[in-house]
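Participant: Input query_1.cif, format and content: mmCIF, N, CA and C atoms.
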data_final
#
loop_
_atom_site.group_PDB
_atom_site.id
_atom_site.type_symbol
_atom_site.label_atom_id
_atom_site.label_comp_id
_atom_site.auth_asym_id
_atom_site.auth_seq_id
_atom_site.Cartn_x
_atom_site.Cartn_y
_atom_site.Cartn_z
ATOM 1 N N MET A 1 -13.859 -36.860 15.697
ATOM 2 C CA MET A 1 -12.578 -36.932 15.000
ATOM 3 C C MET A 1 -12.065 -38.365 15.066
ATOM 4 N N SER A 2 -11.603 -38.871 13.938
ATOM 5 C CA SER A 2 -11.125 -40.258 13.907
ATOM 6 C C SER A 2 -9.698 -40.354 14.424
ATOM 7 N N ASN A 3 -9.354 -41.534 14.892
ATOM 8 C CA ASN A 3 -8.019 -41.791 15.398
ATOM 9 C C ASN A 3 -7.125 -42.212 14.232
ATOM 10 N N TRP A 4 -6.093 -41.439 13.925
ATOM 11 C CA TRP A 4 -5.213 -41.701 12.784
ATOM 12 C C TRP A 4 -4.600 -43.092 12.861
ATOM 13 N N SER A 5 -4.314 -43.593 14.051
ATOM 14 C CA SER A 5 -3.645 -44.883 14.187
ATOM 15 C C SER A 5 -4.550 -46.061 13.828
ATOM 16 N N ASP A 6 -5.835 -45.839 13.687
ATOM 17 C CA ASP A 6 -6.760 -46.938 13.400
ATOM 18 C C ASP A 6 -7.467 -46.793 12.061
ATOM 19 N N GLU A 7 -6.988 -45.931 11.192
ATOM 20 C CA GLU A 7 -7.691 -45.684 9.935
ATOM 21 C C GLU A 7 -7.503 -46.823 8.941
ATOM 22 N N GLU A 8 -8.583 -47.108 8.192
ATOM 23 C CA GLU A 8 -8.574 -48.118 7.134
ATOM 24 C C GLU A 8 -9.371 -47.577 5.954
ATOM 25 N N THR A 9 -9.135 -48.161 4.786
ATOM 26 C CA THR A 9 -9.896 -47.795 3.597
ATOM 27 C C THR A 9 -10.005 -48.987 2.660
ATOM 28 N N ASP A 10 -10.941 -48.917 1.744
ATOM 29 C CA ASP A 10 -11.038 -49.939 0.701
ATOM 30 C C ASP A 10 -10.689 -49.342 -0.661
ATOM 31 N N GLN A 11 -10.138 -48.131 -0.648
ATOM 32 C CA GLN A 11 -9.770 -47.436 -1.876
ATOM 33 C C GLN A 11 -8.253 -47.446 -2.060
ATOM 34 N N PRO A 12 -7.743 -48.149 -3.084
ATOM 35 C CA PRO A 12 -6.295 -48.280 -3.259
ATOM 36 C C PRO A 12 -5.562 -46.955 -3.459
ATOM 37 N N LEU A 13 -6.146 -46.010 -4.167
ATOM 38 C CA LEU A 13 -5.475 -44.726 -4.384
ATOM 39 C C LEU A 13 -5.374 -43.912 -3.099
ATOM 40 N N LEU A 14 -6.409 -43.957 -2.288
ATOM 41 C CA LEU A 14 -6.372 -43.281 -0.986
ATOM 42 C C LEU A 14 -5.322 -43.932 -0.087
ATOM 43 N N ALA A 15 -5.241 -45.251 -0.140
ATOM 44 C CA ALA A 15 -4.241 -45.975 0.665
ATOM 45 C C ALA A 15 -2.828 -45.537 0.274
ATOM 46 N N ASP A 16 -2.564 -45.391 -1.016
ATOM 47 C CA ASP A 16 -1.250 -44.921 -1.462
ATOM 48 C C ASP A 16 -1.021 -43.466 -1.060
ATOM 49 N N HIS A 17 -2.044 -42.635 -1.223
ATOM 50 C CA HIS A 17 -1.920 -41.215 -0.876
ATOM 51 C C HIS A 17 -1.592 -41.022 0.608
ATOM 52 N N ARG A 18 -2.215 -41.831 1.442
ATOM 53 C CA ARG A 18 -1.980 -41.715 2.895
ATOM 54 C C ARG A 18 -0.836 -42.600 3.385
ATOM 55 N N ASN A 19 -0.175 -43.272 2.452
ATOM 56 C CA ASN A 19 0.979 -44.117 2.782
ATOM 57 C C ASN A 19 0.605 -45.279 3.707
ATOM 58 N N TYR A 20 -0.586 -45.834 3.510
ATOM 59 C CA TYR A 20 -1.063 -46.960 4.311
ATOM 60 C C TYR A 20 -0.364 -48.254 3.899
ATOM 61 N N TYR A 21 -0.472 -49.238 4.771
ATOM 62 C CA TYR A 21 -0.010 -50.592 4.475
ATOM 63 C C TYR A 21 -1.130 -51.310 3.742
ATOM 64 N N LYS A 22 -0.788 -52.010 2.670
ATOM 65 C CA LYS A 22 -1.788 -52.758 1.911
ATOM 66 C C LYS A 22 -1.404 -54.226 1.884
ATOM 67 N N MET A 23 -2.378 -55.074 2.212
ATOM 68 C CA MET A 23 -2.181 -56.504 2.052
ATOM 69 C C MET A 23 -2.976 -56.920 0.824
ATOM 70 N N GLU A 24 -2.271 -57.490 -0.149
ATOM 71 C CA GLU A 24 -2.878 -57.799 -1.432
ATOM 72 C C GLU A 24 -2.831 -59.290 -1.723
ATOM 73 N N LYS A 25 -3.930 -59.786 -2.257
ATOM 74 C CA LYS A 25 -4.009 -61.165 -2.726
ATOM 75 C C LYS A 25 -3.724 -61.136 -4.224
ATOM 76 N N TRP A 26 -2.805 -61.986 -4.676
ATOM 77 C CA TRP A 26 -2.381 -62.015 -6.067
ATOM 78 C C TRP A 26 -2.960 -63.227 -6.785
ATOM 79 N N SER A 27 -3.012 -63.134 -8.105
ATOM 80 C CA SER A 27 -3.457 -64.258 -8.934
ATOM 81 C C SER A 27 -2.471 -65.422 -8.766
ATOM 82 N N ARG A 28 -2.897 -66.609 -9.162
ATOM 83 C CA ARG A 28 -2.035 -67.796 -9.020
ATOM 84 C C ARG A 28 -0.710 -67.642 -9.740
ATOM 85 N N ASP A 29 -0.725 -66.965 -10.904
ATOM 86 C CA ASP A 29 0.512 -66.782 -11.657
ATOM 87 C C ASP A 29 1.336 -65.598 -11.153
ATOM 88 N N GLY A 30 0.813 -64.827 -10.190
ATOM 89 C CA GLY A 30 1.545 -63.717 -9.607
ATOM 90 C C GLY A 30 1.652 -62.490 -10.503
ATOM 91 N N GLN A 31 0.805 -62.392 -11.518
ATOM 92 C CA GLN A 31 0.890 -61.301 -12.480
ATOM 93 C C GLN A 31 -0.012 -60.107 -12.158
ATOM 94 N N ARG A 32 -1.054 -60.312 -11.340
ATOM 95 C CA ARG A 32 -1.962 -59.205 -11.047
ATOM 96 C C ARG A 32 -2.563 -59.350 -9.648
ATOM 97 N N ILE A 33 -2.973 -58.221 -9.118
ATOM 98 C CA ILE A 33 -3.637 -58.188 -7.818
ATOM 99 C C ILE A 33 -5.101 -58.541 -8.030
ATOM 100 N N VAL A 34 -5.577 -59.517 -7.279
ATOM 101 C CA VAL A 34 -6.963 -59.957 -7.370
ATOM 102 C C VAL A 34 -7.831 -59.172 -6.385
ATOM 103 N N GLU A 35 -7.262 -58.880 -5.196
ATOM 104 C CA GLU A 35 -8.050 -58.246 -4.143
ATOM 105 C C GLU A 35 -7.126 -57.533 -3.161
ATOM 106 N N ILE A 36 -7.576 -56.388 -2.680
ATOM 107 C CA ILE A 36 -6.893 -55.747 -1.549
ATOM 108 C C ILE A 36 -7.637 -56.219 -0.310
ATOM 109 N N VAL A 37 -6.959 -57.035 0.481
ATOM 110 C CA VAL A 37 -7.569 -57.647 1.661
ATOM 111 C C VAL A 37 -7.636 -56.652 2.812
ATOM 112 N N PHE A 38 -6.599 -55.814 2.947
ATOM 113 C CA PHE A 38 -6.538 -54.830 4.023
ATOM 114 C C PHE A 38 -5.752 -53.629 3.531
ATOM 115 N N ALA A 39 -6.204 -52.441 3.876
ATOM 116 C CA ALA A 39 -5.456 -51.208 3.631
ATOM 117 C C ALA A 39 -5.700 -50.292 4.814
ATOM 118 N N GLY A 40 -4.652 -50.020 5.559
ATOM 119 C CA GLY A 40 -4.807 -49.185 6.745
ATOM 120 C C GLY A 40 -3.479 -48.757 7.327
ATOM 121 N N SER A 41 -3.564 -48.005 8.401
ATOM 122 C CA SER A 41 -2.376 -47.428 9.017
ATOM 123 C C SER A 41 -1.680 -48.365 10.000
ATOM 124 N N SER A 42 -2.252 -49.526 10.275
ATOM 125 C CA SER A 42 -1.684 -50.449 11.261
ATOM 126 C C SER A 42 -0.931 -51.609 10.598
ATOM 127 N N LEU A 43 0.386 -51.576 10.686
ATOM 128 C CA LEU A 43 1.193 -52.678 10.172
ATOM 129 C C LEU A 43 0.943 -53.942 10.988
ATOM 130 N N ASP A 44 0.749 -53.799 12.291
ATOM 131 C CA ASP A 44 0.471 -54.965 13.139
ATOM 132 C C ASP A 44 -0.798 -55.689 12.696
ATOM 133 N N LYS A 45 -1.844 -54.942 12.380
ATOM 134 C CA LYS A 45 -3.093 -55.561 11.929
ATOM 135 C C LYS A 45 -2.888 -56.245 10.580
ATOM 136 N N ALA A 46 -2.152 -55.601 9.684
ATOM 137 C CA ALA A 46 -1.862 -56.212 8.383
ATOM 138 C C ALA A 46 -1.122 -57.529 8.564
ATOM 139 N N ARG A 47 -0.134 -57.558 9.454
ATOM 140 C CA ARG A 47 0.633 -58.784 9.697
ATOM 141 C C ARG A 47 -0.227 -59.884 10.329
ATOM 142 N N ARG A 48 -1.131 -59.522 11.245
ATOM 143 C CA ARG A 48 -2.021 -60.526 11.858
ATOM 144 C C ARG A 48 -2.927 -61.156 10.802
ATOM 145 N N ILE A 49 -3.507 -60.341 9.943
ATOM 146 C CA ILE A 49 -4.379 -60.857 8.886
ATOM 147 C C ILE A 49 -3.572 -61.724 7.921
ATOM 148 N N PHE A 50 -2.375 -61.268 7.581
ATOM 149 C CA PHE A 50 -1.473 -61.994 6.682
ATOM 150 C C PHE A 50 -1.184 -63.387 7.233
ATOM 151 N N GLU A 51 -0.762 -63.472 8.486
ATOM 152 C CA GLU A 51 -0.429 -64.763 9.107
ATOM 153 C C GLU A 51 -1.648 -65.680 9.178
ATOM 154 N N ARG A 52 -2.808 -65.121 9.499
ATOM 155 C CA ARG A 52 -4.037 -65.917 9.567
ATOM 156 C C ARG A 52 -4.388 -66.500 8.196
ATOM 157 N N MET A 53 -4.262 -65.683 7.155
ATOM 158 C CA MET A 53 -4.602 -66.160 5.813
ATOM 159 C C MET A 53 -3.614 -67.209 5.319
ATOM 160 N N VAL A 54 -2.338 -67.030 5.609
ATOM 161 C CA VAL A 54 -1.318 -68.006 5.194
ATOM 162 C C VAL A 54 -1.548 -69.333 5.905
ATOM 163 N N LYS A 55 -1.900 -69.270 7.182
ATOM 164 C CA LYS A 55 -2.154 -70.499 7.946
ATOM 165 C C LYS A 55 -3.386 -71.225 7.396
ATOM 166 N N HIS A 56 -4.406 -70.459 7.036
ATOM 167 C CA HIS A 56 -5.659 -71.034 6.546
ATOM 168 C C HIS A 56 -5.545 -71.536 5.105
ATOM 169 N N ARG A 57 -4.788 -70.820 4.266
ATOM 170 C CA ARG A 57 -4.644 -71.175 2.845
ATOM 171 C C ARG A 57 -3.173 -71.092 2.456
ATOM 172 N N PRO A 58 -2.381 -72.129 2.714
ATOM 173 C CA PRO A 58 -0.934 -72.084 2.492
ATOM 174 C C PRO A 58 -0.501 -71.873 1.044
ATOM 175 N N ARG A 59 -1.376 -72.109 0.073
ATOM 176 C CA ARG A 59 -0.996 -71.920 -1.338
ATOM 177 C C ARG A 59 -1.324 -70.523 -1.868
ATOM 178 N N ILE A 60 -1.856 -69.668 -1.009
ATOM 179 C CA ILE A 60 -2.241 -68.320 -1.414
ATOM 180 C C ILE A 60 -1.001 -67.476 -1.709
ATOM 181 N N ARG A 61 -1.135 -66.482 -2.573
ATOM 182 C CA ARG A 61 -0.066 -65.514 -2.856
ATOM 183 C C ARG A 61 -0.475 -64.173 -2.264
ATOM 184 N N LEU A 62 0.340 -63.652 -1.347
ATOM 185 C CA LEU A 62 0.038 -62.402 -0.656
ATOM 186 C C LEU A 62 1.263 -61.505 -0.585
ATOM 187 N N THR A 63 1.017 -60.211 -0.513
ATOM 188 C CA THR A 63 2.078 -59.258 -0.184
ATOM 189 C C THR A 63 1.535 -58.255 0.818
ATOM 190 N N ILE A 64 2.436 -57.747 1.635
ATOM 191 C CA ILE A 64 2.164 -56.551 2.433
ATOM 192 C C ILE A 64 3.089 -55.494 1.857
ATOM 193 N N ARG A 65 2.485 -54.394 1.394
ATOM 194 C CA ARG A 65 3.270 -53.327 0.780
ATOM 195 C C ARG A 65 2.913 -51.982 1.390
ATOM 196 N N GLN A 66 3.867 -51.076 1.288
ATOM 197 C CA GLN A 66 3.629 -49.671 1.568
ATOM 198 C C GLN A 66 4.113 -48.940 0.336
ATOM 199 N N ARG A 67 3.161 -48.525 -0.487
ATOM 200 C CA ARG A 67 3.409 -48.022 -1.838
ATOM 201 C C ARG A 67 4.158 -49.091 -2.623
ATOM 202 N N ALA A 68 5.367 -48.832 -3.108
ATOM 203 C CA ALA A 68 6.098 -49.825 -3.913
ATOM 204 C C ALA A 68 6.974 -50.741 -3.065
ATOM 205 N N ARG A 69 7.150 -50.405 -1.809
ATOM 206 C CA ARG A 69 8.035 -51.184 -0.936
ATOM 207 C C ARG A 69 7.333 -52.436 -0.418
ATOM 208 N N VAL A 70 7.882 -53.605 -0.743
ATOM 209 C CA VAL A 70 7.326 -54.878 -0.285
ATOM 210 C C VAL A 70 7.906 -55.185 1.097
ATOM 211 N N LEU A 71 7.018 -55.305 2.084
ATOM 212 C CA LEU A 71 7.446 -55.582 3.455
ATOM 213 C C LEU A 71 7.444 -57.068 3.761
ATOM 214 N N ASP A 72 6.520 -57.802 3.138
ATOM 215 C CA ASP A 72 6.443 -59.242 3.335
ATOM 216 C C ASP A 72 5.689 -59.841 2.154
ATOM 217 N N GLU A 73 5.946 -61.105 1.875
ATOM 218 C CA GLU A 73 5.233 -61.787 0.805
ATOM 219 C C GLU A 73 5.133 -63.267 1.108
ATOM 220 N N TRP A 74 4.137 -63.889 0.502
ATOM 221 C CA TRP A 74 3.931 -65.329 0.621
ATOM 222 C C TRP A 74 3.564 -65.860 -0.744
ATOM 223 N N PRO A 75 4.149 -66.921 -1.209
ATOM 224 C CA PRO A 75 5.237 -67.660 -0.558
ATOM 225 C C PRO A 75 6.509 -66.809 -0.482
ATOM 226 N N ARG A 76 7.311 -67.123 0.501
ATOM 227 C CA ARG A 76 8.533 -66.370 0.724
ATOM 228 C C ARG A 76 9.483 -66.572 -0.456
ATOM 229 N N SER A 77 10.149 -65.506 -0.845
ATOM 230 C CA SER A 77 11.168 -65.568 -1.888
ATOM 231 C C SER A 77 12.530 -65.742 -1.247
ATOM 232 N N PRO A 78 13.500 -66.232 -2.010
ATOM 233 C CA PRO A 78 14.851 -66.288 -1.463
ATOM 234 C C PRO A 78 15.314 -64.886 -1.067
ATOM 235 N N ILE A 79 16.094 -64.785 -0.030
ATOM 236 C CA ILE A 79 16.548 -63.484 0.483
ATOM 237 C C ILE A 79 17.257 -62.718 -0.631
ATOM 238 N N GLY A 80 16.886 -61.446 -0.749
ATOM 239 C CA GLY A 80 17.533 -60.580 -1.718
ATOM 240 C C GLY A 80 16.826 -60.481 -3.053
ATOM 241 N N SER A 81 15.884 -61.356 -3.344
ATOM 242 C CA SER A 81 15.259 -61.306 -4.662
ATOM 243 C C SER A 81 14.225 -60.200 -4.775
ATOM 244 N N THR A 82 13.532 -59.846 -3.665
ATOM 245 C CA THR A 82 12.536 -58.774 -3.731
ATOM 246 C C THR A 82 12.781 -57.675 -2.707
ATOM 247 N N GLY A 83 13.689 -57.900 -1.808
ATOM 248 C CA GLY A 83 13.907 -56.920 -0.756
ATOM 249 C C GLY A 83 12.892 -57.019 0.364
ATOM 250 N N ALA A 84 12.148 -58.113 0.424
ATOM 251 C CA ALA A 84 11.130 -58.282 1.457
ATOM 252 C C ALA A 84 11.775 -58.372 2.830
ATOM 253 N N ILE A 85 11.099 -57.807 3.805
ATOM 254 C CA ILE A 85 11.565 -57.831 5.186
ATOM 255 C C ILE A 85 10.720 -58.836 5.940
ATOM 256 N N SER A 86 11.353 -59.816 6.553
ATOM 257 C CA SER A 86 10.604 -60.847 7.289
ATOM 258 C C SER A 86 10.324 -60.424 8.695
#
Can the structure in the file be given as structure tokens, please?

Facilitator:
Amino acid sequence: MSNWSDEETDQPLLADHRNYYKMEKWSRDGQRIVEIVFAGSSLDKARRIFERMVKHRPRIRLTIRQRARVLDEWPRSPIGSTGAIS
């Protein structure tokens, strides 16, 4: 039996169905998702990967989302524009 707290997937629909956290890489213009970098039940793991990628590639566009709710994004938006939680 798998441990629910450590589950991950590479399937975006399954991630939404299970209410997982998704870290997404966006196109340069911010219009589409290029890649789902992480999808899993651990917000801490998503944040660690997010911080590592931002440090390594500061011009990258990333979001951490749980379904439609944006928890964090890079580059950071002014407070209140997306509802992102820092």

Participant: Which of these residues is nearest to Arg59 in chain A, using only C-alpha atoms: A:Thr9, A:Lys25, A:Ala46, A:Ile33?

Facilitator: A:Lys25

Participant: Could you tell me which of A:Asp44, A:Val54, A:Ile60, A:Ala15 comes closest to Asp29 in chain A if we count only C-alpha atoms?

Facilitator: A:Ile60

Participant: Measure the distance from atom C of Ser41 in chain A to atom N of Tyr21 in chain A in Å and round it to one decimal.

Facilitator: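 Separating atom C of Ser41 in chain A from atom N of Tyr21 in chain A is a distance of 5.4 Å.
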
Participant: Pick from A:Phe38, A:Trp74, A:Leu43, A:Glu7: nearest to Lys22 in chain A, with only C-alpha atoms counted?

Facilitator: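 Closest to Lys22 in chain A of all the choices is A:Phe38.
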
Participant: Among the residues of chain A, find those DSSP assigns to strand (DSSP E) from the backbone and print them as a ChimeraX atom specification.

Facilitator: /A:21-26,33-40,62-66,69-74

Participant: Please measure the separation of atom C of His56 in chain A and atom C of Leu14 in chain A, giving the value in Å to one decimal.

Facilitator: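 Computing the Euclidean distance for atom C of His56 in chain A and atom C of Leu14 in chain A yields 28.1 Å.
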
Participant: For Arg67 in chain A, which of A:Glu24, A:Asp16, A:Glu8, A:Lys45 is the closest residue, counting all atoms listed in the file?

Facilitator: A:Asp16
